[in-house]
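What's in coords.tsv: TSV, C-alpha atoms
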```
chain	number	residue	atom	x	y	z
W	1	MET	CA	-16.73	-24.20	28.50
W	2	ILE	CA	-14.72	-21.00	27.98
W	3	ARG	CA	-15.80	-19.00	24.95
W	4	VAL	CA	-13.02	-17.19	23.11
W	5	PRO	CA	-14.20	-13.88	21.61
W	6	ARG	CA	-13.69	-13.52	17.87
W	7	LEU	CA	-11.71	-10.62	16.41
W	8	THR	CA	-14.50	-9.43	14.14
W	9	ALA	CA	-14.63	-5.64	14.42
W	10	ARG	CA	-12.09	-4.09	12.07
W	11	SER	CA	-11.13	-0.45	11.83
W	12	VAL	CA	-12.28	1.33	8.68
W	13	GLU	CA	-8.75	2.77	8.64
W	14	ILE	CA	-7.22	-0.70	8.39
W	15	GLY	CA	-5.91	-0.05	4.88
W	16	GLU	CA	-4.14	3.18	5.81
W	17	LEU	CA	-2.62	1.67	8.97
W	18	LEU	CA	-1.34	-1.50	7.31
W	19	ASP	CA	0.02	0.44	4.34
W	20	THR	CA	1.82	2.73	6.79
W	21	PHE	CA	3.32	-0.33	8.49
W	22	LEU	CA	4.59	-1.75	5.19
W	23	VAL	CA	5.95	1.55	3.88
W	24	CYS	CA	7.84	2.20	7.13
W	25	ALA	CA	9.28	-1.34	7.10
W	26	VAL	CA	10.50	-1.09	3.49
W	27	THR	CA	11.88	2.40	4.07
W	28	MET	CA	13.83	1.24	7.11
W	29	ILE	CA	15.43	-1.64	5.18
W	30	LEU	CA	16.54	0.72	2.43
W	31	VAL	CA	17.89	3.25	4.95
W	32	ILE	CA	19.81	0.53	6.81
W	33	ARG	CA	21.35	-0.92	3.65
W	34	LEU	CA	22.31	2.53	2.35
W	35	GLN	CA	23.77	3.60	5.68
W	36	LEU	CA	25.80	0.39	6.03
W	37	TYR	CA	27.09	0.72	2.47
W	38	LEU	CA	28.16	4.34	2.98
W	39	THR	CA	29.86	3.61	6.31
W	40	ASN	CA	31.55	0.36	5.16
W	41	TYR	CA	29.44	-1.89	7.39
W	42	PRO	CA	30.57	-0.87	10.90
W	43	GLN	CA	29.84	-3.00	13.96
W	44	LEU	CA	28.38	-1.64	17.17
W	45	GLY	CA	30.19	-3.32	20.04
W	46	GLY	CA	33.63	-4.76	20.58
W	47	HIS	CA	35.62	-7.27	22.63
W	48	GLY	CA	33.60	-10.16	21.27
W	49	LEU	CA	30.26	-8.34	21.45
W	50	HIS	CA	28.14	-7.23	18.51
W	51	VAL	CA	24.85	-5.37	19.00
W	52	ALA	CA	22.92	-6.52	15.94
W	53	HIS	CA	20.30	-4.11	14.63
W	54	VAL	CA	17.67	-6.84	14.98
W	55	LEU	CA	17.70	-5.85	18.67
W	56	TRP	CA	16.71	-2.28	17.80
W	57	GLY	CA	13.90	-3.77	15.76
W	58	GLY	CA	12.69	-5.74	18.73
W	59	LEU	CA	12.81	-2.61	20.89
W	60	LEU	CA	10.75	-0.58	18.42
W	61	MET	CA	8.19	-3.37	17.99
W	62	MET	CA	7.94	-3.70	21.77
W	63	ILE	CA	7.28	0.04	22.08
W	64	ALA	CA	4.63	-0.20	19.33
W	65	ILE	CA	2.88	-3.05	21.17
W	66	VAL	CA	2.94	-1.15	24.47
W	67	ILE	CA	1.41	1.92	22.80
W	68	ALA	CA	-1.24	-0.17	21.02
W	69	VAL	CA	-2.38	-1.94	24.21
W	70	SER	CA	-2.04	1.04	26.56
W	71	PHE	CA	-3.76	3.89	24.71
W	72	ILE	CA	-7.21	3.94	23.16
W	73	THR	CA	-7.03	6.78	20.65
W	74	ARG	CA	-6.76	6.61	16.88
W	75	THR	CA	-3.50	8.55	17.09
W	76	ALA	CA	-2.01	5.74	19.21
W	77	ARG	CA	-2.78	3.22	16.46
W	78	GLN	CA	-1.12	5.45	13.87
W	79	VAL	CA	2.02	5.85	16.01
W	80	ALA	CA	2.08	2.08	16.66
W	81	ALA	CA	1.85	1.40	12.91
W	82	VAL	CA	4.85	3.66	12.24
W	83	LEU	CA	7.04	2.31	15.06
W	84	GLY	CA	5.99	-1.29	14.39
W	85	GLY	CA	6.87	-0.93	10.71
W	86	LEU	CA	10.27	0.58	11.48
W	87	GLY	CA	10.97	-2.19	13.98
W	88	PHE	CA	9.95	-4.91	11.54
W	89	GLY	CA	12.28	-3.38	8.95
W	90	PHE	CA	15.18	-3.61	11.43
W	91	PHE	CA	14.22	-7.21	12.19
W	92	ILE	CA	13.67	-8.63	8.71
W	93	ASP	CA	16.81	-6.97	7.30
W	94	GLU	CA	18.89	-9.54	9.20
W	95	LEU	CA	17.02	-12.51	7.75
W	96	GLY	CA	20.20	-13.87	6.13
W	97	LYS	CA	21.83	-14.34	9.53
W	98	PHE	CA	19.05	-16.59	10.79
W	99	ILE	CA	18.64	-18.93	7.81
W	100	THR	CA	22.31	-19.74	7.17
W	101	GLU	CA	24.67	-21.95	9.16
W	102	ASP	CA	27.49	-19.40	8.98
W	103	VAL	CA	25.24	-16.49	10.07
W	104	ASN	CA	25.75	-14.80	6.69
W	105	TYR	CA	24.20	-11.33	6.55
W	106	PHE	CA	25.22	-11.11	2.88
W	107	TYR	CA	23.51	-14.37	1.85
W	108	LYS	CA	22.59	-13.62	-1.79
W	109	PRO	CA	18.97	-14.92	-1.86
W	110	THR	CA	18.09	-12.76	1.17
W	111	ALA	CA	16.89	-9.82	-0.94
W	112	ALA	CA	14.52	-12.02	-2.94
W	113	LEU	CA	13.25	-13.73	0.22
W	114	ILE	CA	12.56	-10.39	1.93
W	115	TYR	CA	10.79	-9.19	-1.19
W	116	ILE	CA	8.60	-12.32	-1.28
W	117	ILE	CA	7.77	-11.84	2.40
W	118	PHE	CA	6.59	-8.29	1.74
W	119	ILE	CA	4.52	-9.43	-1.24
W	120	ALA	CA	2.87	-12.10	0.93
W	121	MET	CA	2.19	-9.53	3.64
W	122	TRP	CA	0.71	-7.05	1.16
W	123	LEU	CA	-1.61	-9.69	-0.31
W	124	SER	CA	-2.63	-10.86	3.18
W	125	PHE	CA	-3.35	-7.30	4.28
W	126	ARG	CA	-5.48	-6.72	1.18
W	127	ALA	CA	-7.41	-9.94	1.85
W	128	LEU	CA	-7.97	-8.85	5.45
W	129	GLN	CA	-9.39	-5.52	4.27
W	130	ARG	CA	-11.66	-6.96	1.59
W	131	HIS	CA	-12.93	-10.05	3.43
W	132	ARG	CA	-16.75	-9.84	3.43
W	133	GLY	CA	-16.62	-6.04	3.32
W	134	PHE	CA	-17.39	-4.07	6.45
W	135	SER	CA	-20.42	-5.21	8.42
W	136	GLN	CA	-23.06	-2.93	9.91
W	137	LEU	CA	-21.67	-3.75	13.34
W	138	GLU	CA	-18.19	-2.65	12.26
W	139	TYR	CA	-19.56	0.65	10.99
W	140	LEU	CA	-21.25	1.20	14.35
W	141	VAL	CA	-18.10	0.34	16.32
W	142	ASN	CA	-16.00	2.70	14.21
W	143	ALA	CA	-18.51	5.50	14.76
W	144	LEU	CA	-18.11	4.87	18.49
W	145	GLU	CA	-14.36	5.33	18.01
W	146	PHE	CA	-14.99	8.89	16.85
W	147	LEU	CA	-17.23	9.51	19.85
W	148	LYS	CA	-14.40	8.29	22.06
W	149	GLU	CA	-12.16	10.89	20.41
W	150	ALA	CA	-14.77	13.56	21.17
W	151	ALA	CA	-14.42	12.77	24.88
W	152	VAL	CA	-10.66	13.43	24.68
W	153	ARG	CA	-10.69	16.51	22.46
W	154	ASP	CA	-12.97	18.47	20.15
W	155	LEU	CA	-13.75	16.61	16.97
W	156	ALA	CA	-12.83	18.20	13.69
W	157	GLU	CA	-15.86	18.88	11.52
W	158	THR	CA	-14.60	16.40	8.93
W	159	GLU	CA	-14.31	13.71	11.63
W	160	ARG	CA	-17.86	14.33	12.84
W	161	ARG	CA	-19.14	14.17	9.27
W	162	ARG	CA	-17.36	10.89	8.70
W	163	ALA	CA	-18.70	9.44	11.95
W	164	LEU	CA	-22.25	10.34	10.92
W	165	GLN	CA	-21.70	8.70	7.53
W	166	LEU	CA	-20.52	5.55	9.29
W	167	LEU	CA	-23.72	5.57	11.32
W	168	ASP	CA	-25.73	5.83	8.10
W	169	LEU	CA	-24.13	2.53	7.06
W	170	ALA	CA	-24.90	0.83	10.38
W	171	ASP	CA	-28.07	-1.08	11.23
W	172	GLN	CA	-30.66	1.66	11.75
W	173	SER	CA	-32.74	-0.60	13.99
W	174	ASP	CA	-29.89	-0.90	16.48
W	175	PRO	CA	-30.89	0.99	19.65
W	176	MET	CA	-27.47	2.61	19.87
W	177	VAL	CA	-27.56	4.31	16.46
W	178	ALA	CA	-30.10	7.10	17.12
W	179	PRO	CA	-28.64	8.22	20.50
W	180	LEU	CA	-25.11	8.10	19.11
W	181	ARG	CA	-26.11	10.21	16.12
W	182	GLU	CA	-27.67	12.78	18.45
W	183	VAL	CA	-24.55	12.93	20.65
W	184	LEU	CA	-22.30	13.40	17.64
W	185	ARG	CA	-24.46	16.20	16.30
W	186	GLU	CA	-24.40	18.03	19.64
W	187	ALA	CA	-20.69	17.47	20.35
W	188	ASP	CA	-18.41	20.47	20.03
W	189	ALA	CA	-16.56	20.39	16.74
W	190	ALA	CA	-13.58	22.42	15.69
W	191	PRO	CA	-14.21	24.47	12.55
W	192	ALA	CA	-12.93	23.07	9.29
W	193	HIS	CA	-9.30	24.03	8.91
W	194	GLU	CA	-7.80	25.60	5.88
W	195	PRO	CA	-6.08	23.03	3.63
W	196	VAL	CA	-2.48	22.49	4.67
W	197	ALA	CA	0.34	22.46	2.16
W	198	ILE	CA	0.00	18.73	1.41
W	199	GLU	CA	-3.76	18.98	0.88
W	200	ARG	CA	-3.34	21.99	-1.40
W	201	ALA	CA	-0.72	20.06	-3.36
W	202	VAL	CA	-3.12	17.12	-3.77
W	203	LEU	CA	-5.87	19.43	-5.01
W	204	ARG	CA	-3.49	21.06	-7.47
W	205	LEU	CA	-2.36	17.62	-8.63
W	206	ARG	CA	-5.99	16.58	-9.20
W	207	ASP	CA	-6.70	19.72	-11.24
W	208	PHE	CA	-3.47	19.25	-13.17
W	209	TYR	CA	-4.42	15.63	-13.96
W	210	PHE	CA	-7.80	16.56	-15.41
W	211	GLY	CA	-6.17	19.33	-17.39
W	212	VAL	CA	-3.64	16.90	-18.84
W	213	VAL	CA	-6.08	14.10	-19.71
W	214	ALA	CA	-8.30	16.60	-21.51
W	215	ARG	CA	-5.54	17.28	-24.02
W	216	PRO	CA	-5.84	15.38	-27.30
W	217	ARG	CA	-2.27	14.09	-27.17
W	218	PHE	CA	-2.58	12.56	-23.70
W	219	ARG	CA	-3.55	9.10	-24.98
W	220	SER	CA	-0.57	9.14	-27.32
W	221	VAL	CA	1.81	9.99	-24.47
W	222	ILE	CA	0.62	7.32	-22.02
W	223	GLY	CA	0.44	4.82	-24.87
W	224	ALA	CA	4.04	5.66	-25.74
W	225	VAL	CA	5.08	5.10	-22.10
W	226	PHE	CA	3.65	1.58	-22.03
W	227	CYS	CA	4.90	0.87	-25.53
W	228	ALA	CA	8.34	1.74	-24.18
W	229	LEU	CA	7.81	-0.62	-21.24
W	230	ALA	CA	6.72	-3.39	-23.62
W	231	ILE	CA	9.79	-2.75	-25.80
W	232	SER	CA	12.04	-2.82	-22.74
W	233	SER	CA	10.51	-6.17	-21.78
W	234	LEU	CA	11.21	-7.45	-25.29
W	235	ALA	CA	14.77	-6.16	-25.10
W	236	GLU	CA	15.22	-7.93	-21.75
W	237	ILE	CA	13.97	-11.18	-23.27
W	238	ILE	CA	16.39	-10.88	-26.19
W	239	THR	CA	19.28	-10.04	-23.86
W	240	LEU	CA	18.59	-13.07	-21.66
W	241	ALA	CA	18.28	-15.32	-24.69
W	242	LEU	CA	21.57	-14.08	-26.16
W	243	SER	CA	23.42	-14.34	-22.86
W	244	ALA	CA	22.22	-17.92	-22.50
W	245	GLY	CA	23.37	-18.77	-26.01
W	246	ASP	CA	26.94	-19.13	-24.86
W	247	ARG	CA	25.89	-21.60	-22.16
W	248	ASN	CA	23.46	-23.58	-24.33
W	249	HIS	CA	20.80	-23.41	-21.64
W	250	LEU	CA	18.70	-21.00	-19.58
W	251	SER	CA	18.54	-21.05	-15.81
W	252	PHE	CA	15.21	-21.27	-14.02
W	253	ILE	CA	15.45	-17.60	-13.02
W	254	GLU	CA	16.07	-16.56	-16.63
W	255	ILE	CA	13.17	-18.66	-17.93
W	256	ALA	CA	10.83	-17.25	-15.27
W	257	SER	CA	11.98	-13.68	-16.03
W	258	ILE	CA	11.33	-14.19	-19.74
W	259	ALA	CA	7.87	-15.68	-19.11
W	260	SER	CA	6.79	-12.89	-16.75
W	261	SER	CA	8.17	-10.23	-19.11
W	262	ILE	CA	6.12	-11.72	-21.97
W	263	VAL	CA	2.94	-11.65	-19.87
W	264	SER	CA	3.61	-8.06	-18.76
W	265	GLY	CA	4.31	-7.00	-22.34
W	266	VAL	CA	1.08	-8.58	-23.60
W	267	PHE	CA	-0.94	-6.71	-20.99
W	268	ALA	CA	0.80	-3.46	-21.97
W	269	ALA	CA	-0.01	-4.05	-25.65
W	270	VAL	CA	-3.68	-4.78	-24.85
W	271	GLY	CA	-3.83	-1.59	-22.79
W	272	VAL	CA	-2.49	0.46	-25.70
W	273	ILE	CA	-5.21	-1.01	-27.93
W	274	ARG	CA	-7.88	-0.17	-25.33
W	275	LEU	CA	-6.51	3.36	-25.09
W	276	ARG	CA	-6.86	3.83	-28.84
W	277	THR	CA	-10.55	2.92	-28.53
W	278	HIS	CA	-10.97	5.86	-26.10
W	279	ASP	CA	-11.80	3.58	-23.17
W	280	ARG	CA	-9.37	5.22	-20.76
W	281	LEU	CA	-10.51	3.47	-17.56
W	282	ALA	CA	-10.34	-0.01	-19.13
W	283	ALA	CA	-6.91	0.79	-20.56
W	284	TYR	CA	-5.64	1.92	-17.14
W	285	ARG	CA	-6.85	-1.31	-15.55
W	286	VAL	CA	-5.00	-3.42	-18.12
W	287	PHE	CA	-1.88	-1.27	-17.68
W	288	GLU	CA	-2.16	-1.88	-13.94
W	289	ARG	CA	-2.20	-5.64	-14.51
W	290	SER	CA	0.97	-5.27	-16.59
W	291	VAL	CA	2.69	-3.36	-13.81
W	292	LEU	CA	1.49	-5.78	-11.10
W	293	VAL	CA	2.89	-8.76	-13.01
W	294	THR	CA	6.22	-6.97	-13.08
W	295	ILE	CA	6.08	-6.07	-9.37
W	296	PHE	CA	4.85	-9.43	-8.07
W	297	VAL	CA	6.71	-11.79	-10.41
W	298	THR	CA	9.45	-10.25	-12.54
W	299	GLN	CA	10.95	-8.22	-9.72
W	300	VAL	CA	11.24	-11.32	-7.51
W	301	PHE	CA	13.74	-12.79	-9.97
W	302	ALA	CA	15.39	-9.39	-10.42
W	303	PHE	CA	16.10	-9.33	-6.68
W	304	ALA	CA	17.36	-12.91	-6.85
W	305	GLN	CA	19.87	-11.90	-9.53
W	306	SER	CA	20.82	-8.34	-8.57
W	307	GLU	CA	20.00	-8.36	-4.84
W	308	PHE	CA	19.19	-4.95	-3.39
W	309	SER	CA	20.35	-3.02	-6.46
W	310	ALA	CA	17.04	-4.11	-8.03
W	311	VAL	CA	15.27	-1.67	-5.72
W	312	PHE	CA	15.76	1.14	-8.23
W	313	GLY	CA	13.75	-0.68	-10.89
W	314	LEU	CA	11.15	-1.57	-8.29
W	315	GLY	CA	10.90	2.08	-7.28
W	316	LEU	CA	10.14	3.07	-10.88
W	317	TYR	CA	7.37	0.49	-11.20
W	318	LEU	CA	5.89	1.43	-7.83
W	319	LEU	CA	5.77	5.06	-8.97
W	320	ILE	CA	4.02	4.01	-12.19
W	321	TRP	CA	1.59	1.82	-10.23
W	322	ALA	CA	0.77	4.61	-7.75
W	323	THR	CA	0.17	7.01	-10.66
W	324	LEU	CA	-2.14	4.49	-12.32
W	325	ARG	CA	-4.07	3.90	-9.09
W	326	TYR	CA	-4.55	7.63	-8.67
W	327	ALA	CA	-5.66	8.02	-12.30
W	328	ILE	CA	-8.08	5.07	-11.97
W	329	GLY	CA	-9.60	6.61	-8.84
W	330	LEU	CA	-10.15	9.95	-10.57
W	331	GLU	CA	-11.61	8.26	-13.64
W	332	ARG	CA	-14.06	6.33	-11.45
W	333	LYS	CA	-15.13	9.52	-9.69
W	334	ALA	CA	-15.59	11.26	-13.02
W	335	ALA	CA	-17.69	8.33	-14.30
W	336	ALA	CA	-19.79	8.31	-11.13
W	337	SER	CA	-20.46	12.05	-11.33
W	338	ALA	CA	-21.53	11.64	-14.96
W	339	THR	CA	-23.99	8.84	-14.08
W	340	PRO	CA	-27.65	9.97	-13.81
W	341	ALA	CA	-29.12	10.02	-10.32
W	342	PRO	CA	-30.91	6.76	-9.38
W	343	GLY	CA	-34.67	6.59	-9.31
W	344	PRO	CA	-36.76	6.71	-6.14
W	345	ASP	CA	-36.62	2.92	-5.77
W	346	ARG	CA	-32.81	2.88	-5.74
W	347	THR	CA	-31.00	4.61	-2.90
W	348	PRO	CA	-27.22	4.87	-3.24
W	349	ARG	CA	-25.01	3.93	-0.32
W	350	PRO	CA	-23.32	7.01	1.17
W	351	ALA	CA	-19.61	7.19	0.52
W	352	LEU	CA	-17.12	7.52	3.36
W	353	ALA	CA	-15.58	10.95	3.65
W	354	ARG	CA	-11.84	11.18	3.46
```
Entire entry expressed as structure tokens:
Amino acid sequence: MIRVPRLTARSVEIGELLDTFLVCAVTMILVIRLQLYLTNYPQLGGHGLHVAHVLWGGLLMMIAIVIAVSFITRTARQVAAVLGGLGFGFFIDELGKFITEDVNYFYKPTAALIYIIFIAMWLSFRALQRHRGFSQLEYLVNALEFLKEAAVRDLAETERRRALQLLDLADQSDPMVAPLREVLREADAAPAHEPVAIERAVLRLRDFYFGVVARPRFRSVIGAVFCALAISSLAEIITLALSAGDRNHLSFIEIASIASSIVSGVFAAVGVIRLRTHDRLAAYRVFERSVLVTIFVTQVFAFAQSEFSAVFGLGLYLLIWATLRYAIGLERKAAASATPAPGPDRTPRPALAR
């Protein structure tokens, strides 16, 4: 009987790679739609031929697959994620052509369907990352990946430090752990580089954040922002109700938009209350739920109604969500640093270096 090996060993960089794939795919769709709009939807071809851009998507995805299966470095995976995402964006943008009898690129529900596909992918990718957590074997395999890099080029000091931290999370009784740790310690490592412009900007942003949240009026400002979002949700509900008054009924999309707006508004109101009790982290988490309801539910119906023009509203909520995620991360770090060190019978798990 032939045994089929299981795909069990995941990369600890799986989140970064899959997020890169999604961001590149979404970016490519937006670039394509904007370029076609500005150039009045030209066609590449002639004399009965039309080179659809789904073909360019297939080419880019093919190149990504070739890179992924041909090269064994971490850089190859990063390049494959970028090219694969761009190719998938080319491909999925033409979804309307392949689900309609008249090959209609401008099929109105296409925007909502593409949006739902990306939501499903994002949720699936998150489930893939969080399933069971990383095993000790996966930590060992990922440490070996850094050793593989050391054979190709000198490791950066931050990479060696991260590889050693991965080994600390592996099974210490495994006979490969001790020799691998010794090899990593003796391997030539490039000195730590000075922070590049992006890293310096991130550090300045972190310092700016803590300076802002320390101000007494910060809670009032962020509370006002989510109060405004709750009021805008209420205004949207009233507008939909009034517009339906002339028709004596609400469509399914309008009913669903109203329901999701109510849920989002309730979460925003609860977050404002939590913020007034000085529980900033809890308030941020509730605010995040409010934003996620809008992104995963309300925006689906916005795309169904407004098609790709709804991307501007989505962009605003994604910016708010990213800001909240960053603030939540900093608040967690601040809470962890304020926690007393554990006693001798409790050893904390080492954190992965970034």
| request: Rounded to one decimal place, report the CA of Arg332 in chain W-CA of Ile320 in chain W distance in Å. | output: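 Pair CA of Arg332 in chain W / CA of Ile320 in chain W returns 18.2 Å.
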| query | Which is closer to Ser11 in chain W than all the others in W:Leu184, W:Leu123, W:Leu166, W:Met61, using all atoms listed in the file? | reply |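 Residue with the minimum atom-to-atom distance to Ser11 in chain W: W:Leu166.
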| Neighbour list for Arg126 in chain W as a list in words, cut-off 12 Å, all atoms listed in the file, skip fewer than 6 positions in-chain | Ile14, Gly15, Glu16, Leu17, Leu18, Asp19, Leu22, Ile119, Ala120, Arg132 and Gly133 of chain W
| said: Please compute the CA of Leu167 in chain W-CA of Arg181 in chain W distance, one decimal, in Å. | reply: 7.1 Å
| Interatomic distance (Å, one decimal) between CA of Ala282 in chain W and CA of Ile328 in chain W |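 The value is 9.1 Å.
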| message | List as a list of chain:residue names the residues having at least one atom at most 6 Å from position (10.6, -3.4, 17.2) as given in the file, counting only C-alpha atoms. | response |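 I get W:Gly57, W:Gly58, W:Leu59, W:Leu60, W:Met61, W:Met62, W:Gly84, W:Gly87, W:Phe88 for the residues within 6 Å of that point.
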| message | Given all atoms listed in the file as the basis, pick out the residue of W:Ile65, W:Val23, W:Leu155, W:Leu316 nearest to Trp122 in chain W. | response |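 Selected residue with least distance to Trp122 in chain W: W:Val23.
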| said: With all atoms listed in the file as the counted atoms, please give the residues lying no more than 10 Å from Ser220 in chain W, apart from itself and same-chain residues fewer than 3 positions off, as a list in words. | reply: Pro216, Arg217, Gly223, Ala224, Val225, Val272, Leu275 and Arg276 of chain W
Keeping C-alpha atoms, export the residues of the selection given above as an mmCIF file, in the coordinates of the input.
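Below you can see selection-v3.cif, which holds the result:
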```cif
data_model
loop_
_atom_site.group_PDB
_atom_site.id
_atom_site.type_symbol
_atom_site.label_atom_id
_atom_site.label_comp_id
_atom_site.auth_asym_id
_atom_site.auth_seq_id
_atom_site.Cartn_x
_atom_site.Cartn_y
_atom_site.Cartn_z
ATOM 1 C CA PRO W 216 -5.840 15.380 -27.300
ATOM 2 C CA ARG W 217 -2.270 14.090 -27.170
ATOM 3 C CA GLY W 223 0.440 4.820 -24.870
ATOM 4 C CA ALA W 224 4.040 5.660 -25.740
ATOM 5 C CA VAL W 225 5.080 5.100 -22.100
ATOM 6 C CA VAL W 272 -2.490 0.460 -25.700
ATOM 7 C CA LEU W 275 -6.510 3.360 -25.090
ATOM 8 C CA ARG W 276 -6.860 3.830 -28.840
#
```
| request: Quick one: everything within 8 Å of Ile258 in chain W, counting only C-alpha atoms, minus sequence neighbours fewer than 2 positions away in the same chain. Send it as a ChimeraX atom specification. | output: /W:236-237,240,254-256,260-262
| Exercise: residues within 10 Å of coordinate (-20.3, 6.9, 12.1), counting only C-alpha atoms, as a ChimeraX atom specification | /W:138-147,159-170,177,180-181,184,352
| remark: Using all atoms listed in the file, the best pick from W:Tyr115, W:Phe308, W:Phe134, W:Phe90 as closest to Tyr37 in chain W would be W:Phe308
